[in-house]
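Contents: one structure, followed by commentary.
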Amino acid sequence: MNTLIEIRDLSKVYERGRQKVEVLHHINLDIAQGDFLALMGPSGSGKTTLLNLIGGLDTPTGGSIGVAGQRLDQMGAGALARWRASHVGFVFQFYNLMPMLSAQRNVELPLLLTKLSAAQRKKNATIALQLVGLADRASHKPGELSGGQQQRVAIARAIVSDPTLLVCDEPTGDLDRQSAEEVLGLLRTLNREHGKTIVMVTHDPKAAEYANHTLHLDKGTLVEQAAA
Amino acid sequence: MKYLHLIWAALFRRKARTILTLVSIVAAFLLFGMLDAVRTSFDQAGQSANGAQRLQTGSRLSFIQTLPQSLEAQIAQVPGVKMVTYANWFGGAYQDPHNQVFSFAVEPNYIDLYPEIEVSPAERKAFDETRTGALVGEKLAQRFHWKVGDKIPMQSTIFPNREGSKNWTFDIVGIMHSKDKKAGGFYDQMFLLHWKYFDETTPYNRGQVGWYVTRVADVNQADRVARAIDAISANSDHETRTQTEQAATASWMKQLADIGLIVGSIMGAVFFTLVLLSGNTMMQAVRERTSELAVLKTIGFSSASVLAMVLAESVLLLLLGGLIGLGLAALIIPAVSAGSGGMLNLPGVGAGSWLLGLLLMVAIGLLVGALPALRAMRLNIVDALAGR
């Protein structure tokens, strides 16, 4: 399999006042195209920081990070925003949907950054909602949906622009077991049937079982690699 | 335009707060529309093609100081003067002191200097021949249900008759109509009484006039004629100031009140309060949407587009409230004018007021949106998503 994400000697240091906190220490990692990777570790181990760097939300202090041949560590804020818009889909623990927009309008959001017509945007959003099994709730606002349904809308929003990579930060952290399994099943379908590369941060070993690989981080260092 | 639904939804995220802010903006721009109409009304007073050909000569000291009647013959001799007349303020009130009437004692040729006032030849003749005769404006006659042939009592707030009473009696002999209905509000409210009756009845006047009105043959010579008229009384005890009708009206109104300053001060205070109020609304709106704005940036919206969206939201808020407010003013002003029985002749909300209003809406929108928009633009995604 081709390598999609290539991380070399990656470090991240945060400055909190006068204090410098090194969150990631010289990480080296390759993630193959079409992989489903779970990142686990205790709180403060640096897994969300690593996810943010992979998703282009943050820039490293040292080392390099390349995705599909593009060096994220060399991009400015504007270029990173454009790269995220066309290459990455994000799924958050608390769904982070716009409460005043319908499910359909929420899913359409990333498409506003494309040149698609309004009719095409609507059509693509409908397809994405069908894929997550919520086409019949398109006109509902997030407050009218259950937690599991909201997370499925968030996944539809993440995949609507057909990104190469999905980054998921605790996607089941706020869900009951049944909803969590539906969401994880959906992510596995997207990985297996639609070829999406997924990097998922989780605390839940059961959630990690859905991934192809699990990596453990502790105090900013990769400590273990296990195949699922 | 494709972001409009997003901006609209963000604006009405907290409906009650947005509606309350909108009500404040509507009230501010309604007030702006009304007060701007008052200011425009004062600014337009005395502005007409005929008015440009007329000069007014009054005392240099104050508009309440009188001038000798003997000046008329001297003014008439000034080269470039076509016609001259004089008048005095009568200060009439009808039935109740609150019913003030714009009443003037005038020389019979007064009407000849105002071609924008129409009086039928028969009524004009009746005015010339009737000592107690009075010409009244159309709207004034409607207001008090007067008609030609009525004998009416009028109380002067200034001049008593020879018996010491301030009650006067007049015979209405004609109705004055303004040719220009839009600009003729003042003429439609006038009450003209015969100079001879006034001068012979009150012991207080004794050959004095309030002001002279001169019609010049060539409007381009108006300045020269004005200087020549003032030169007649130079270094005397009744020095004069001669101005165009527009300048004289503006000067007279300025002695009453500086409307521009009053309107400007009120609107300054209102808009300052509006800036604080809507600025606070926008700050709160953006602060509580921090994570949503972070999500927009996460999925690829640039910092500049987030800044533009917050500014657009702020400008949209001001435009919505401002246009409703000015629209209401446009509806209310004619009703107020009509309801005043012609006493108030406010112009509608003109193109100038709409344009100024729109500029204010956009400027205030940008001003109050600037700080929250900058905050949204500088938002750090990682910190905002982590709730820091």
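Starting from 1 in every chain, residues are counted up; chains themselves are A, B, ... following the order of the structure tokens, and ligands are numbered from 1 as listed.
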
What are the nearest atom pairs, with distances in Å to one decimal, for all residues of chain A that come at most 6 Å from chain B, using only C-alpha atoms, set out by chain and rising residue number as a tab-separated table?
```
residue	atom	partner	partner_atom	distance
A:Ala81	CA	B:Gly300	CA	4.4
A:Arg82	CA	B:Gly300	CA	5.7
A:Arg84	CA	B:Gly300	CA	5.4
A:Ala85	CA	B:Gly300	CA	4.3
A:Met100	CA	B:Ala9	CA	5.9
```

Find the residues of range 257-360 of chain B that sit at most 9 Å from range 24-33 of chain B; for each, write down the nearest two atoms and how far apart they are in Å, to one decimal. Count only C-alpha atoms. Sort by chain, then by number going up, and give it as a Markdown table.
```
| residue | atom | partner | partner_atom | distance |
| --- | --- | --- | --- | --- |
| B:Val263 | CA | B:Phe32 | CA | 8.6 |
| B:Met267 | CA | B:Phe32 | CA | 6.6 |
| B:Val270 | CA | B:Ala28 | CA | 6.4 |
| B:Phe271 | CA | B:Ala28 | CA | 7.1 |
| B:Leu274 | CA | B:Ile25 | CA | 6.8 |
| B:Leu277 | CA | B:Ser24 | CA | 8.4 |
| B:Ser278 | CA | B:Ile25 | CA | 8.2 |
| B:Leu317 | CA | B:Ile25 | CA | 8.6 |
| B:Leu318 | CA | B:Ile25 | CA | 6.7 |
| B:Leu320 | CA | B:Val26 | CA | 8.3 |
| B:Gly321 | CA | B:Val26 | CA | 4.6 |
| B:Gly322 | CA | B:Phe29 | CA | 5.3 |
| B:Leu323 | CA | B:Val26 | CA | 7.7 |
| B:Ile324 | CA | B:Val26 | CA | 6.0 |
| B:Gly325 | CA | B:Val26 | CA | 4.1 |
| B:Leu326 | CA | B:Leu30 | CA | 5.3 |
| B:Gly327 | CA | B:Leu30 | CA | 7.9 |
| B:Leu328 | CA | B:Leu30 | CA | 6.4 |
| B:Ala329 | CA | B:Leu30 | CA | 5.1 |
| B:Ala330 | CA | B:Gly33 | CA | 7.4 |
| B:Ile333 | CA | B:Gly33 | CA | 8.6 |
| B:Gly348 | CA | B:Gly33 | CA | 8.8 |
| B:Val349 | CA | B:Gly33 | CA | 6.4 |
| B:Ser353 | CA | B:Gly33 | CA | 7.1 |
| B:Trp354 | CA | B:Gly33 | CA | 8.5 |
| B:Gly357 | CA | B:Phe29 | CA | 7.6 |
```

Every residue of range 194-243 of chain B that DSSP places in helix (DSSP H, G or I), as a list in words:
Trp195, Lys196, Tyr197, Phe198, Asp199, Glu200, Thr201, Val219, Asn220, Gln221, Ala222, Asp223, Arg224, Val225, Ala226, Arg227, Ala228, Ile229, Asp230, Ala231 and Ile232 of chain B

Fewer than 6 positions away in the same chain doesn't count, so skip those; otherwise give me all residues within 7 Å of range 133-148 of chain A, counting only C-alpha atoms, as a count of residues only.
10

Identify which of the residues B:Ala386, B:Leu61, B:Met176, B:Val136 lies closest to Thr48 in chain A, counting only C-alpha atoms when measuring atom-to-atom distances.
B:Ala386

Neighbouring residues of Glu129 in chain B were defined as those with any atom within 12 Å, considering only C-alpha atoms; residues of the same chain fewer than 2 positions away were excluded. Please report them as an mmCIF file with C-alpha atoms, in the first residue's frame.
```cif
data_model
loop_
_atom_site.group_PDB
_atom_site.id
_atom_site.type_symbol
_atom_site.label_atom_id
_atom_site.label_comp_id
_atom_site.auth_asym_id
_atom_site.auth_seq_id
_atom_site.Cartn_x
_atom_site.Cartn_y
_atom_site.Cartn_z
ATOM 1 C CA PRO B 108 -50.881 96.491 -1.069
ATOM 2 C CA ALA B 122 -61.485 90.079 -7.942
ATOM 3 C CA GLU B 123 -60.131 89.091 -4.523
ATOM 4 C CA ARG B 124 -57.012 91.131 -5.080
ATOM 5 C CA LYS B 125 -59.154 94.144 -5.914
ATOM 6 C CA ALA B 126 -61.267 93.552 -2.822
ATOM 7 C CA PHE B 127 -58.100 93.476 -0.676
ATOM 8 C CA ARG B 131 -59.365 98.618 4.834
ATOM 9 C CA THR B 132 -60.130 95.747 7.194
ATOM 10 C CA GLY B 133 -59.625 93.167 4.469
ATOM 11 C CA ALA B 134 -57.377 90.138 4.878
ATOM 12 C CA ASP B 171 -62.962 90.739 6.829
ATOM 13 C CA VAL B 173 -61.696 89.046 1.193
ATOM 14 C CA HIS B 194 -53.841 95.800 5.144
ATOM 15 C CA LYS B 196 -53.085 101.169 6.295
ATOM 16 C CA TYR B 197 -55.515 99.554 8.756
#
```

Find, counting only C-alpha atoms, the residue in A:Ile27, A:Val88, A:Leu186, A:Val201 that gets nearest to Gly173 in chain A.
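Closest candidate: A:Val201.
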
Between B:Leu67, B:Ser305, B:Val106, B:Thr85, which residue has the minimum interatomic distance to Leu113 in chain A, considering only C-alpha atoms?
B:Ser305

Report the distance between CA of Ala384 in chain B and CA of Leu215 in chain A in Å, rounded to one decimal place.
26.4 Å
